[in-house]
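Raw input28.txt, compact mmCIF, C-alpha atoms:
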# COMPACT_ATOMS: atom_id res chain seq x y z
CA MET A 754 72.15 -4.01 44.71
CA ASN A 755 68.81 -2.65 43.46
CA PHE A 756 68.07 0.65 45.25
CA ALA A 757 65.11 1.54 43.02
CA ASP A 758 62.50 -0.10 45.28
CA ASN A 759 64.43 -0.11 48.53
CA ASN A 760 61.83 0.90 51.13
CA ILE A 761 64.31 2.58 53.50
CA LEU A 762 65.69 4.73 50.67
CA LEU A 763 62.16 5.66 49.56
CA LEU A 764 61.30 6.67 53.14
CA LEU A 765 64.45 8.81 53.34
CA ILE A 766 63.73 10.51 50.01
CA SER A 767 60.15 11.27 51.10
CA LEU A 768 61.22 12.69 54.47
CA VAL A 769 64.10 14.70 53.00
CA PHE A 770 61.73 16.16 50.38
CA ILE A 771 59.38 17.30 53.17
CA TYR A 772 62.34 18.84 55.02
CA ALA A 773 63.47 20.56 51.80
CA VAL A 774 60.08 22.19 51.21
CA LEU A 775 59.67 23.24 54.86
CA SER A 776 63.27 24.53 54.94
CA ILE A 777 62.40 26.95 52.14
CA LEU A 778 60.05 28.63 54.62
CA VAL A 779 62.78 28.67 57.29
CA SER A 780 65.30 30.21 54.87
CA ILE A 781 62.81 32.87 53.72
CA LEU A 782 61.92 33.84 57.29
CA THR A 783 65.61 34.01 58.23
CA GLU A 784 66.32 36.26 55.24
CA ALA A 785 63.35 38.44 56.23
CA TRP A 786 64.74 38.69 59.77
CA ASN A 787 68.15 39.67 58.39
CA HIS A 788 66.58 42.23 56.06
CA ARG A 789 64.58 43.79 58.87
CA SER A 790 67.52 43.88 61.28
CA LYS A 791 69.97 44.92 58.50
CA ALA A 792 72.19 42.10 59.76
CA ARG A 793 74.08 41.36 56.53
CA GLY A 794 75.09 44.99 55.88
CA ILE A 795 76.06 45.58 59.52
CA PHE A 796 78.14 42.39 59.63
CA LEU A 797 79.96 43.36 56.41
CA LYS A 798 80.64 46.84 57.78
CA ASP A 799 82.00 45.48 61.09
CA SER A 800 84.23 43.04 59.19
CA ILE A 801 85.69 45.77 56.95
CA TYR A 802 86.22 48.03 59.96
CA LYS A 803 88.18 45.22 61.59
CA MET A 804 90.11 44.63 58.36
CA LEU A 805 91.15 48.29 58.02
CA LYS A 806 91.75 48.92 61.72
CA ASP A 807 94.89 51.02 62.26
CA PRO A 808 95.02 52.73 65.69
CA LEU A 809 98.32 54.44 64.85
CA ASN A 810 96.81 56.29 61.92
CA LYS A 811 93.27 57.19 60.82
CA ASP A 812 89.98 55.32 61.09
CA TYR A 813 90.14 53.88 57.58
CA GLY A 814 86.92 51.91 58.05
CA TYR A 815 85.06 55.18 58.61
CA LEU A 816 86.80 56.81 55.63
CA PHE A 817 85.98 53.78 53.47
CA TYR A 818 82.23 53.81 54.23
CA ASN A 819 82.04 57.59 53.79
CA HIS A 820 83.77 57.50 50.43
CA VAL A 821 81.42 58.69 47.70
CA THR A 822 81.68 55.37 45.83
CA ILE A 823 80.59 53.26 48.83
CA SER A 824 77.95 55.76 49.97
CA GLY A 825 76.37 55.43 46.54
CA LEU A 826 75.72 51.72 47.17
CA LYS A 827 73.23 52.44 49.96
CA SER A 828 69.62 51.73 48.95
CA ALA A 829 68.51 54.11 51.72
CA PRO A 830 70.35 56.40 54.19
CA ASP A 831 70.09 53.73 56.91
CA ARG A 832 70.65 50.73 54.58
CA LEU A 833 74.27 49.62 54.37
CA PRO A 834 75.39 47.74 51.23
CA HIS A 835 75.13 43.94 51.52
CA TYR A 836 77.90 43.32 49.01
CA ILE A 837 81.07 45.14 47.94
CA SER A 838 83.14 43.78 45.06
CA SER A 839 86.88 43.24 45.46
CA ARG A 840 87.52 45.58 42.51
CA MET A 841 85.59 48.40 44.19
CA PHE A 842 87.25 47.75 47.54
CA ALA A 843 90.75 47.96 46.03
CA GLU A 844 90.02 51.12 44.02
CA VAL A 845 88.46 52.93 47.00
CA LEU A 846 91.27 51.95 49.40
CA ILE A 847 93.96 53.08 46.93
CA ASP A 848 92.10 56.38 46.48
CA ILE A 849 91.78 56.93 50.27
CA ILE A 850 95.52 56.43 50.83
CA ALA A 851 96.37 58.52 47.75
CA GLN A 852 94.25 61.40 49.07
CA GLN A 853 96.48 61.56 52.14
CA ALA A 854 99.20 63.01 49.93
CA ILE A 855 96.93 66.06 49.70
CA HIS A 856 95.33 66.15 53.15
CA ASN A 857 98.33 65.07 55.25
CA ARG A 858 100.68 67.86 54.23
CA LYS A 859 103.11 68.79 56.97
CA VAL A 860 102.85 72.20 58.61
CA GLU A 861 106.13 73.80 59.70
CA VAL A 862 106.50 76.40 62.45
CA ILE A 863 108.83 79.26 61.46
CA LEU A 864 110.05 82.16 63.62
CA ASP A 865 110.12 85.49 61.80
CA GLU A 866 112.59 88.36 62.43
CA THR A 867 110.54 89.65 65.35
CA GLY A 868 110.40 86.23 67.01
CA ASN A 869 106.74 85.58 66.25
CA LYS A 870 105.61 82.13 65.14
CA ARG A 871 104.47 81.69 61.56
CA TYR A 872 102.90 78.51 60.16
CA GLN A 873 103.82 77.35 56.71
CA MET A 874 102.34 74.34 54.90
CA ASP A 875 104.53 72.10 52.81
CA LEU A 876 103.68 73.10 49.24
CA THR A 877 105.39 70.20 47.52
CA GLU A 878 103.75 69.63 44.16
CA ILE A 879 101.18 66.82 44.24
CA PRO A 880 101.72 64.33 41.40
CA SER A 881 98.82 63.68 39.01
CA ASP A 882 99.53 59.93 38.82
CA ILE A 883 97.50 58.00 41.43
CA ILE A 884 100.35 55.55 42.08
CA LYS A 885 102.70 58.43 42.89
CA ARG A 886 100.05 59.92 45.18
CA PHE A 887 99.55 56.49 46.82
CA GLN A 888 103.30 56.23 47.51
CA LEU A 889 103.41 59.77 48.86
CA GLY A 890 100.31 59.19 51.00
CA LEU A 891 101.81 56.01 52.43
CA LYS A 892 104.95 57.94 53.44
CA THR A 893 102.89 60.42 55.45
CA MET A 894 101.44 57.59 57.59
CA ASN A 895 102.90 56.34 60.86
CA THR A 896 104.52 52.92 60.78
CA SER A 897 101.98 50.20 61.68
CA PRO A 898 101.03 46.64 60.64
CA PHE A 899 98.53 48.13 58.17
CA THR A 900 101.08 50.43 56.51
CA ASP A 901 103.61 47.57 56.40
CA LEU A 902 101.02 45.47 54.56
CA MET A 903 100.28 48.26 52.05
CA GLN A 904 104.02 48.78 51.53
CA SER A 905 104.51 45.07 50.85
CA PHE A 906 101.75 45.19 48.23
CA LEU A 907 103.46 48.20 46.71
CA ASP A 908 106.84 46.44 46.64
CA LYS A 909 105.32 43.40 44.91
CA SER A 910 103.73 45.55 42.22
CA LYS A 911 106.88 46.66 40.41
CA ASN A 912 106.72 46.85 36.64
CA GLU A 913 108.81 44.02 35.16
CA SER A 914 110.09 46.11 32.25
CA LEU A 915 110.63 49.24 34.39
CA PRO A 916 111.57 48.15 37.95
CA GLU A 917 111.51 51.74 39.23
CA GLU A 918 107.85 52.05 38.19
CA THR A 919 104.81 50.55 39.96
CA ASP A 920 102.09 48.75 38.03
CA TYR A 921 98.65 49.99 39.16
CA SER A 922 96.87 46.82 37.98
CA LYS A 923 99.25 44.64 40.01
CA LEU A 924 98.75 46.74 43.14
CA LYS A 925 95.01 46.52 42.70
CA ALA A 926 95.21 42.74 42.12
CA HIS A 927 97.16 42.23 45.39
CA ILE A 928 94.60 44.25 47.39
CA GLU A 929 91.73 42.39 45.67
CA GLN A 930 93.27 39.03 46.60
CA TRP A 931 93.72 40.18 50.20
CA PHE A 932 90.06 41.24 50.30
CA ASN A 933 88.79 37.99 48.72
CA ASP A 934 90.78 35.83 51.15
CA TYR A 935 89.46 37.83 54.08
CA MET A 936 85.87 37.67 52.79
CA ASP A 937 86.14 33.86 52.57
CA ARG A 938 86.77 33.81 56.32
CA VAL A 939 84.03 36.41 56.90
CA SER A 940 81.53 34.17 55.05
CA GLY A 941 82.37 31.34 57.46
CA TRP A 942 81.93 33.63 60.47
CA TYR A 943 78.61 34.88 59.11
CA LYS A 944 77.27 31.36 58.52
CA THR A 945 78.26 30.37 62.06
CA LYS A 946 76.48 33.43 63.45
CA GLN A 947 73.43 32.76 61.27
CA GLN A 948 73.11 29.17 62.46
CA ARG A 949 71.61 30.36 65.73
CA LYS A 950 68.90 32.27 63.83
CA PHE A 951 68.20 29.25 61.63
CA LEU A 952 67.84 27.09 64.74
CA ILE A 953 65.39 29.52 66.39
CA ILE A 954 63.27 29.86 63.24
CA GLY A 955 63.53 26.11 62.59
CA PHE A 956 61.88 25.46 65.97
CA ILE A 957 59.30 28.21 65.38
CA VAL A 958 58.27 26.57 62.08
CA ALA A 959 58.32 23.06 63.59
CA ILE A 960 56.06 24.11 66.48
CA SER A 961 53.76 26.49 64.57
CA LEU A 962 53.15 23.91 61.81
CA ASN A 963 53.17 20.94 64.23
CA VAL A 964 55.93 19.10 62.34
CA ASP A 965 56.62 15.85 64.22
CA SER A 966 59.40 13.97 62.40
CA LEU A 967 58.76 10.63 64.12
CA HIS A 968 55.06 10.90 63.21
CA LEU A 969 55.91 11.75 59.58
CA LEU A 970 58.26 8.77 59.33
CA LYS A 971 55.64 6.40 60.76
CA VAL A 972 52.90 7.66 58.42
CA LEU A 973 55.20 7.37 55.41
CA SER A 974 56.02 3.79 56.33
CA LEU A 975 52.29 2.93 56.51
CA ASP A 976 50.98 4.96 53.57
CA ASP A 977 52.57 3.79 50.29
CA ASN A 978 50.43 6.22 48.28
CA LEU A 979 51.82 9.24 50.09
CA LYS A 980 55.37 7.90 50.02
CA ASN A 981 55.31 7.17 46.28
CA ARG A 982 53.78 10.55 45.50
CA LEU A 983 56.49 12.34 47.45
CA VAL A 984 59.23 10.28 45.78
CA GLU A 985 57.80 11.19 42.37
CA SER A 986 57.73 14.86 43.42
CA ALA A 987 61.33 14.60 44.61
CA GLU A 988 62.51 13.13 41.30
CA GLU A 989 60.78 15.85 39.26
CA THR A 990 62.29 18.49 41.54
CA VAL A 991 65.80 17.05 41.15
CA ASP A 992 65.37 17.06 37.35
CA ASN A 993 64.47 20.76 37.54
CA LEU A 994 67.44 21.51 39.80
CA LYS A 995 69.86 19.88 37.36
CA LYS A 996 69.05 22.53 34.76
CA ASP A 997 71.31 24.95 36.63
CA SER A 998 73.33 23.48 39.50
CA THR A 999 75.02 26.84 40.16
CA MET A 1000 71.72 28.29 41.44
CA ARG A 1001 71.25 25.79 44.28
CA SER A 1002 71.70 28.50 46.92
CA ASP A 1003 69.13 30.84 45.36
CA LEU A 1004 65.76 30.59 47.11
CA SER A 1005 63.76 31.83 44.11
CA PHE A 1006 65.30 29.12 41.95
CA LEU A 1007 64.59 26.42 44.57
CA ILE A 1008 60.95 27.52 44.84
CA LYS A 1009 60.55 27.55 41.07
CA SER A 1010 62.19 24.12 40.75
CA THR A 1011 60.11 22.40 43.45
CA SER A 1012 57.40 20.20 41.95
CA ILE A 1013 54.46 18.87 44.01
CA VAL A 1014 52.81 15.91 42.27
CA LYS A 1015 49.06 15.52 42.76
CA SER A 1016 47.52 12.14 43.57
CA LYS A 1017 46.65 10.23 40.38
CA ASN A 1018 44.29 7.84 42.18
CA ASP A 1019 41.60 9.67 44.11
CA ALA A 1020 40.20 6.40 45.49
CA ASN A 1021 43.41 5.77 47.41
CA TYR A 1022 44.09 9.40 48.17
CA THR A 1023 44.63 10.16 51.85
CA ALA A 1024 43.43 13.60 52.97
CA PHE A 1025 45.40 14.60 56.05
CA ASP A 1026 44.71 17.53 58.32
CA SER A 1027 47.38 19.90 57.02
CA ILE A 1028 48.10 23.60 57.47
CA ASP A 1029 45.40 26.19 56.97
CA ALA A 1030 46.98 27.89 53.96
CA ALA A 1031 44.18 30.45 53.58
CA LYS A 1032 44.68 31.74 57.12
CA ILE A 1033 48.43 32.08 56.64
CA GLN A 1034 47.88 33.77 53.26
CA ARG A 1035 45.73 36.43 54.97
CA MET A 1036 48.53 37.04 57.47
CA ILE A 1037 51.06 37.37 54.64
CA HIS A 1038 48.88 39.86 52.74
CA LYS A 1039 48.43 41.87 55.94
CA LEU A 1040 52.20 41.85 56.37
CA ASP A 1041 52.53 42.89 52.72
CA SER A 1042 50.29 45.93 53.22
CA SER A 1043 52.20 47.02 56.33
CA SER A 1044 55.52 46.59 54.52
CA ARG A 1045 54.44 49.26 52.04
CA ILE A 1046 54.53 51.71 54.92
CA ARG A 1047 57.55 50.54 56.90
CA ASN A 1048 59.48 48.84 54.14
CA GLY A 1049 60.53 46.32 56.80
CA ILE A 1050 60.31 43.25 54.57
CA ALA A 1051 61.20 43.15 50.88
CA LYS A 1052 58.46 42.47 48.34
CA LYS A 1053 60.53 39.60 47.00
CA GLU A 1054 60.41 37.86 50.38
CA ILE A 1055 56.63 38.39 50.60
CA ARG A 1056 56.18 36.65 47.23
CA GLN A 1057 58.50 33.84 48.32
CA LEU A 1058 56.53 33.37 51.55
CA ASP A 1059 53.33 33.17 49.53
CA SER A 1060 54.79 30.49 47.24
CA ALA A 1061 56.30 28.49 50.11
CA VAL A 1062 53.00 28.32 52.02
CA ASN A 1063 51.20 27.14 48.89
CA MET A 1064 53.76 24.38 48.38
CA ILE A 1065 53.52 23.21 51.99
CA ALA A 1066 49.73 23.05 51.74
CA GLU A 1067 49.95 21.08 48.47
CA LEU A 1068 52.29 18.53 50.09
CA ASN A 1069 49.26 17.09 51.92
CA VAL A 1070 51.34 15.57 54.70
CA PRO A 1071 50.21 15.12 58.33
CA ILE A 1072 51.29 18.49 59.74
CA GLY A 1073 49.36 21.44 61.12
CA TRP A 1074 47.15 21.92 64.14
CA SER A 1075 43.69 20.38 64.51
CA SER A 1076 41.47 19.32 67.42
CA THR A 1077 41.30 15.80 65.93
CA VAL A 1078 45.06 15.11 65.88
CA ALA A 1079 47.79 15.08 68.50
CA PRO A 1080 48.76 16.95 70.53
CA ALA A 1081 45.54 19.06 70.46
CA SER A 1082 43.44 15.86 70.49
CA TRP A 1083 44.85 14.93 73.92
CA TRP A 1084 42.73 17.68 75.48
CA CYS A 1085 39.68 17.28 73.23
CA ALA A 1086 36.63 16.67 75.46
CA ASN A 1087 34.25 14.88 73.07
CA LYS A 1088 36.37 11.87 72.16
CA GLN A 1089 33.54 9.82 70.66
CA ALA A 1090 32.71 12.59 68.18
CA LYS A 1091 36.41 12.97 67.47
CA GLU A 1092 36.89 9.28 66.73
CA LEU A 1093 33.77 9.21 64.57
CA SER A 1094 34.91 12.22 62.50
CA PHE A 1095 38.35 10.61 62.18
CA ALA A 1096 36.89 7.36 60.82
CA ILE A 1097 34.66 9.19 58.33
CA ALA A 1098 37.42 11.50 57.12
CA HIS A 1099 40.00 8.76 56.76
CA ASP A 1100 37.99 5.70 55.68
CA SER A 1101 40.39 5.21 52.74
CA LYS A 1102 43.37 4.57 54.98
CA SER A 1103 44.91 1.20 55.61
CA PRO A 1104 43.92 -0.49 58.89
CA GLY A 1105 47.49 -0.17 60.21
CA LEU A 1106 47.45 3.59 59.67
CA ILE A 1107 44.00 3.95 61.29
CA ASP A 1108 45.14 2.00 64.35
CA TYR A 1109 48.33 4.04 64.62
CA MET A 1110 46.51 7.37 64.34
CA ALA A 1111 43.90 6.34 66.91
CA HIS A 1112 46.68 5.30 69.33
CA ARG A 1113 48.71 8.50 68.77
CA ASN A 1114 45.70 10.77 69.26
CA SER A 1115 45.16 9.38 72.77
CA TRP A 1116 47.08 10.87 75.69
CA SER A 1117 49.95 8.96 77.26
CA TRP A 1118 53.35 9.94 78.61
CA GLY A 1119 54.94 7.77 75.94
CA ASN A 1120 53.13 9.68 73.18
CA PHE A 1121 54.09 12.97 74.80
CA PHE A 1122 57.81 12.18 74.88
CA LYS A 1123 57.70 10.79 71.32
CA TYR A 1124 56.01 13.99 70.16
CA LEU A 1125 58.55 16.14 72.00
CA LEU A 1126 61.45 14.21 70.43
CA GLY A 1127 59.82 14.48 66.99
CA ILE A 1128 59.52 18.28 67.32
CA ILE A 1129 63.17 18.56 68.46
CA ILE A 1130 64.34 16.49 65.47
CA SER A 1131 62.26 18.67 63.13
CA GLY A 1132 63.52 21.95 64.61
CA VAL A 1133 67.17 20.91 64.35
CA SER A 1134 66.71 19.42 60.87
CA LEU A 1135 64.98 22.50 59.45
CA SER A 1136 67.74 24.74 60.83
CA PHE A 1137 70.15 23.39 58.19
CA GLY A 1138 68.38 25.49 55.54
CA ALA A 1139 66.91 24.77 52.11
CA PRO A 1140 70.15 24.50 50.03
CA PHE A 1141 71.46 21.77 52.36
CA TRP A 1142 68.33 19.59 52.08
CA PHE A 1143 68.01 20.03 48.32
CA ASP A 1144 71.63 18.86 47.94
CA ILE A 1145 70.90 15.81 50.10
CA LEU A 1146 67.72 15.15 48.11
CA THR A 1147 69.67 15.20 44.83
CA LYS A 1148 72.18 12.67 46.18
CA PHE A 1149 69.47 10.28 47.43
CA VAL A 1150 67.54 10.46 44.15
CA ASN A 1151 70.75 9.81 42.20
CA VAL A 1152 71.47 6.76 44.38
CA ARG A 1153 67.97 5.42 43.69
CA ARG A 1154 68.29 5.98 39.95
CA SER A 1155 71.67 4.32 39.83
CA GLY A 1156 70.03 1.16 41.16
CA LYS A 1157 67.23 0.99 38.62
CA ILE A 1158 67.25 -2.06 36.35
CA PRO A 1159 67.28 -1.11 32.65
CA GLU A 1160 64.19 -2.08 30.66
CA GLY A 1161 66.21 -4.46 28.45
CA ASP A 1162 67.51 -6.37 31.45
CA LYS A 1163 64.00 -6.70 32.87
CA SER A 1164 62.67 -8.26 29.67
CA SER A 1165 65.60 -10.65 29.42
CA LYS A 1166 65.05 -11.80 33.00
CA SER A 1167 61.39 -12.50 32.39
Show how you would write the structure in this file as structure tokens.
Amino acid sequence: MNFADNNILLLLISLVFIYAVLSILVSILTEAWNHRSKARGIFLKDSIYKMLKDPLNKDYGYLFYNHVTISGLKSAPDRLPHYISSRMFAEVLIDIIAQQAIHNRKVEVILDETGNKRYQMDLTEIPSDIIKRFQLGLKTMNTSPFTDLMQSFLDKSKNESLPEETDYSKLKAHIEQWFNDYMDRVSGWYKTKQQRKFLIIGFIVAISLNVDSLHLLKVLSLDDNLKNRLVESAEETVDNLKKDSTMRSDLSFLIKSTSIVKSKNDANYTAFDSIDAAKIQRMIHKLDSSSRIRNGIAKKEIRQLDSAVNMIAELNVPIGWSSTVAPASWWCANKQAKELSFAIAHDSKSPGLIDYMAHRNSWSWGNFFKYLLGIIISGVSLSFGAPFWFDILTKFVNVRRSGKIPEGDKSSKS
């Protein structure tokens, strides 16, 4: 089956490419929200607190985050670290338990000859080896699920050549594996929690940019120029993404890889009412200047926002708000002037597209419910995030390319 010129596949590639570009904006805004609310660092801290919870002993989560090594990861006094390596986690936890050999010394009460109480601290010599201190510190703790787990790690870390000795690297490896397994689950919990934010911002973007999915699909089906240009852009973008498939989740890489192809035939070029990029740019620069004072949004995210808005404007697809297009056109008073300006601005369009746009820009309950459904589809779709849509785009483009007829076969058929 030849997928190269399959119209349904071309429509899907075009629509997915639009979703991919718009989802970059959703992902950037979500990251900005997380940065401002310190969500990632707080979630990691809560997860580690839960991991190290031991009511029968000390608050090891508190001790962990106040350890000098972890405190040094803070970019500011109120900025918790977003990432802690398994190696660092294991070394800090071993050190915290080992320190208990020093701080948890027992105090004995002794009665002197006159019957008065005298307090005497256990002055047992503290070993210099950290493993010995870890074992001694573990013995000073009350029995609990947490201490049982640490003891099991200790038991599994015996030196093969000297069974009575404990191998530090093995103990650290067991704690690292425990941390990595737990963080895999934490990542799933975080993504589930983030999905609500993505959904909210997805709807904000869909409404603020007037992204009607049903309208986009209809325009793409009637405007071959726009559809072909978007397919060409999608293919160039996929080629750029293939240069490093491991970076698909990095927003900066996705922005850099996205290619927006300009129209090669100005005579057939359709100029849609799209977003007012200049107005949004002014808002971004205003936000940039305020961020210098509050440091609420990272400079990197400001630059990404700037690039994403430029890309959306260059898409030249029928999105954005205007008095000449739905839904704003439904309340426009001077309809004759509106229809005249529409005909002048879009005289290069096909008759089918002109008729459709004229019908859509007129109020009816049917148009209202179609618009509402289109916005809902857009909001939900954009909530999946940029990496998801770029992965889907790559698969669709690969399917199309797998159906292309080689040049040699074409010549033999003719």
**Asked** Could you name the residues that touch Asp807 (chain A) at 10 Å or less, counting all atoms listed in the file, but leaving out those on the same chain fewer than 6 positions away, as a ChimeraX atom specification?
**Response** /A:813-814,895-900
**Asked** Taking into account all atoms listed in the file, which residue in the set A:Val779, A:Val1152, A:Val821, A:Ala773 is nearest to Val958 (chain A)?
**Response** A:Val779
**Prompt:** With all atoms listed in the file as the basis for distance, which of A:Lys798, A:Val964, A:Pro1080, A:Ser998 is at the shortest distance from Trp1118 (chain A)?
**Reply:** A:Pro1080
**Pick from A:Asn1120, A:Asn993, A:Ser839, A:Leu833, whichever lies nearest to His788 (chain A) using all atoms listed in the file** =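 So, comparing all the options, the nearest one is A:Leu833.
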**Item:** Point-to-point distance in Å for CA of Arg886 (chain A) and CA of Leu809 (chain A)
**Value:** 20.5 Å
**Fill in**
Of A:Asn933, A:Ser1134, A:Ser1117, A:Ser1060, the one sitting nearest Ile801 (chain A) when using only C-alpha atoms is A:Asn933
**Request:** Go through A:Leu1135, A:Ile957, A:Asp920, A:Asp831 one by one, measure the shortest atom-to-atom distance of each to Ser790 (chain A) using only C-alpha atoms, and give the residue with the smallest value.
**Result:**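 Closest to Ser790 (chain A), using only C-alpha atoms: A:Asp831.
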**Request:** Return the single residue from A:Ile1072, A:Ala792, A:Asp812, A:Ala1081 that is closest to Leu967 (chain A), with distances computed using only C-alpha atoms.
**Result:** A:Ile1072
**Request:** Extract, using all atoms listed in the file, all DNA, RNA and protein residues at most 7 Å from Leu1058 (chain A), discarding same-chain residues fewer than 3 positions from it, and format them as a VMD selection string.
**Result:** chain A and resid 778 781 1054 to 1055 1061 to 1062
**Item:** Separation of CA of Lys791 (chain A) from CA of Pro834 (chain A), in Å and rounded to one decimal
**Value:**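 Rounded to one decimal, the two atoms are 9.5 Å apart.
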**Request:** Extract, using all atoms listed in the file, all DNA, RNA and protein residues at most 6 Å from Asp965 (chain A), discarding same-chain residues fewer than 2 positions from it, and format them as a ChimeraX atom specification.
**Result:** /A:967-968,1127-1128
**Prompt:** What is the distance, in Å and to one decimal place, between CA of Leu1106 (chain A) and CA of Val774 (chain A)?
**Reply:**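 If I compute the distance from CA of Leu1106 (chain A) to CA of Val774 (chain A), I get 24.0 Å.
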